[in-house]
Amino acid sequence: MRRRIVLVGLLAGALACVGQVARAAPSEAERARIERLIAFVGGQTGLKFVRNGSAYSPADAARFLRGKFDKMGEHVNTAQQFIDEIGSRSSTTGQAYQIRFADGRSMTAAQFLGDELKRMDR
């Protein structure tokens with residue numbers, strides 16, 4: 001009887017892990033939205049992506065976001081989570097990423113990407 005209880009417990013645990021793995025990556029639709037956000041960043045002109053005090057071109061920023069998504073993407077399920085967890089702040093320093101426009105204005109990358117996500121969803 002005890003062996004049966006242990007086996008049932010192991011089976012339940014294994015099934016729970018499978019459920020976690022199934023939720024551990026974005027759906028194809030959400031992945032497409034994330035890809036569009038990364039492409040949006042890479043296609044910009046006249047702005048700099050500021051990360052940990054250093055300014056980068058839009059193309060470099062897109063490559064960086066792509067690499068970070070490739071490494072950490074299993075932790076997000078939606079494009080909004082991508083913005084919140086990957087595209088808005090440094091995972092090492094916690095410092096918010098900034099977007100600096102040619103005219104000197106700046107905004108957080110979270111707002112910049114969030115505005116684009118809203119535009120995409122219209």
# chains A, B, ... in the order shown; residues from 1 in each chain; ligands from 1
>>> select_by_dssp(residues="range 12-117 of chain A", states="strand (DSSP E or B)", output="list in words")
Leu47, Lys48, Phe49, Val50, Arg51, Ser54, Ala55, Tyr56, Arg89, Ala96, Gln98, Ile99, Arg100, Phe101, Ser106, Met107 and Thr108 of chain A
>>> write_last_selection(atoms="N, CA and C atoms", output="PDB file, in the first residue's frame")
ATOM      1  N   LEU A  47      17.498  57.445 -32.376  1.00  0.00           N
ATOM      2  CA  LEU A  47      17.421  57.260 -30.931  1.00  0.00           C
ATOM      3  C   LEU A  47      18.529  56.337 -30.475  1.00  0.00           C
ATOM      4  N   LYS A  48      18.770  56.356 -29.187  1.00  0.00           N
ATOM      5  CA  LYS A  48      19.755  55.474 -28.561  1.00  0.00           C
ATOM      6  C   LYS A  48      19.074  54.695 -27.453  1.00  0.00           C
ATOM      7  N   PHE A  49      19.506  53.480 -27.296  1.00  0.00           N
ATOM      8  CA  PHE A  49      19.029  52.591 -26.240  1.00  0.00           C
ATOM      9  C   PHE A  49      20.084  52.647 -25.141  1.00  0.00           C
ATOM     10  N   VAL A  50      19.726  53.152 -23.968  1.00  0.00           N
ATOM     11  CA  VAL A  50      20.691  53.340 -22.889  1.00  0.00           C
ATOM     12  C   VAL A  50      20.524  52.215 -21.870  1.00  0.00           C
ATOM     13  N   ARG A  51      21.618  51.467 -21.717  1.00  0.00           N
ATOM     14  CA  ARG A  51      21.632  50.320 -20.814  1.00  0.00           C
ATOM     15  C   ARG A  51      22.829  50.460 -19.888  1.00  0.00           C
ATOM     16  N   SER A  54      25.399  53.200 -20.705  1.00  0.00           N
ATOM     17  CA  SER A  54      26.006  53.255 -22.038  1.00  0.00           C
ATOM     18  C   SER A  54      24.922  53.272 -23.101  1.00  0.00           C
ATOM     19  N   ALA A  55      25.153  54.059 -24.160  1.00  0.00           N
ATOM     20  CA  ALA A  55      24.179  54.204 -25.242  1.00  0.00           C
ATOM     21  C   ALA A  55      24.515  53.258 -26.388  1.00  0.00           C
ATOM     22  N   TYR A  56      23.478  52.631 -26.937  1.00  0.00           N
ATOM     23  CA  TYR A  56      23.629  51.661 -28.026  1.00  0.00           C
ATOM     24  C   TYR A  56      22.686  52.015 -29.170  1.00  0.00           C
ATOM     25  N   ARG A  89      14.637  46.521 -17.881  1.00  0.00           N
ATOM     26  CA  ARG A  89      15.688  46.818 -16.899  1.00  0.00           C
ATOM     27  C   ARG A  89      16.769  45.740 -16.937  1.00  0.00           C
ATOM     28  N   ALA A  96      16.870  50.675 -14.828  1.00  0.00           N
ATOM     29  CA  ALA A  96      15.910  50.748 -15.932  1.00  0.00           C
ATOM     30  C   ALA A  96      16.621  51.135 -17.222  1.00  0.00           C
ATOM     31  N   GLN A  98      16.695  52.981 -20.790  1.00  0.00           N
ATOM     32  CA  GLN A  98      16.136  54.251 -21.244  1.00  0.00           C
ATOM     33  C   GLN A  98      16.223  54.333 -22.765  1.00  0.00           C
ATOM     34  N   ILE A  99      15.325  55.099 -23.334  1.00  0.00           N
ATOM     35  CA  ILE A  99      15.368  55.441 -24.748  1.00  0.00           C
ATOM     36  C   ILE A  99      15.664  56.930 -24.818  1.00  0.00           C
ATOM     37  N   ARG A 100      16.726  57.301 -25.529  1.00  0.00           N
ATOM     38  CA  ARG A 100      17.106  58.705 -25.686  1.00  0.00           C
ATOM     39  C   ARG A 100      16.894  59.092 -27.146  1.00  0.00           C
ATOM     40  N   PHE A 101      16.027  60.066 -27.364  1.00  0.00           N
ATOM     41  CA  PHE A 101      15.714  60.545 -28.706  1.00  0.00           C
ATOM     42  C   PHE A 101      16.720  61.606 -29.150  1.00  0.00           C
ATOM     43  N   SER A 106      13.839  61.734 -23.319  1.00  0.00           N
ATOM     44  CA  SER A 106      14.068  60.332 -23.000  1.00  0.00           C
ATOM     45  C   SER A 106      12.838  59.770 -22.301  1.00  0.00           C
ATOM     46  N   MET A 107      12.727  58.468 -22.346  1.00  0.00           N
ATOM     47  CA  MET A 107      11.658  57.759 -21.648  1.00  0.00           C
ATOM     48  C   MET A 107      12.184  56.379 -21.300  1.00  0.00           C
ATOM     49  N   THR A 108      11.492  55.726 -20.415  1.00  0.00           N
ATOM     50  CA  THR A 108      11.914  54.374 -20.075  1.00  0.00           C
ATOM     51  C   THR A 108      11.629  53.436 -21.243  1.00  0.00           C
TER      52      THR A 108
END
>>> residues_around(residues="Phe82 in chain A", least_positions_apart="4", cutoff="12 Å", atoms="only C-alpha atoms", output="PyMOL selection string")
chain A and resi 25-26+30-38+65-66+68-70+72-78+86-89+109-110+113-114+117
>>> select_by_dssp(residues="chain A", states="helix (DSSP H, G or I)", output="PyMOL selection string")
chain A and resi 2-22+28-42+58-75+79-87+109-121
>>> residues_around(residues="Thr45 in chain A", least_positions_apart="4", cutoff="10 Å", atoms="only C-alpha atoms", output="list in words")
Val41, Ser57, Pro58, Ala59, Phe101 and Ala102 of chain A
>>> closest_residue(among="A:Gly104, A:Ser91, A:Met120, A:Phe112", to="Lys71 in chain A", atoms="only C-alpha atoms")
A:Ser91
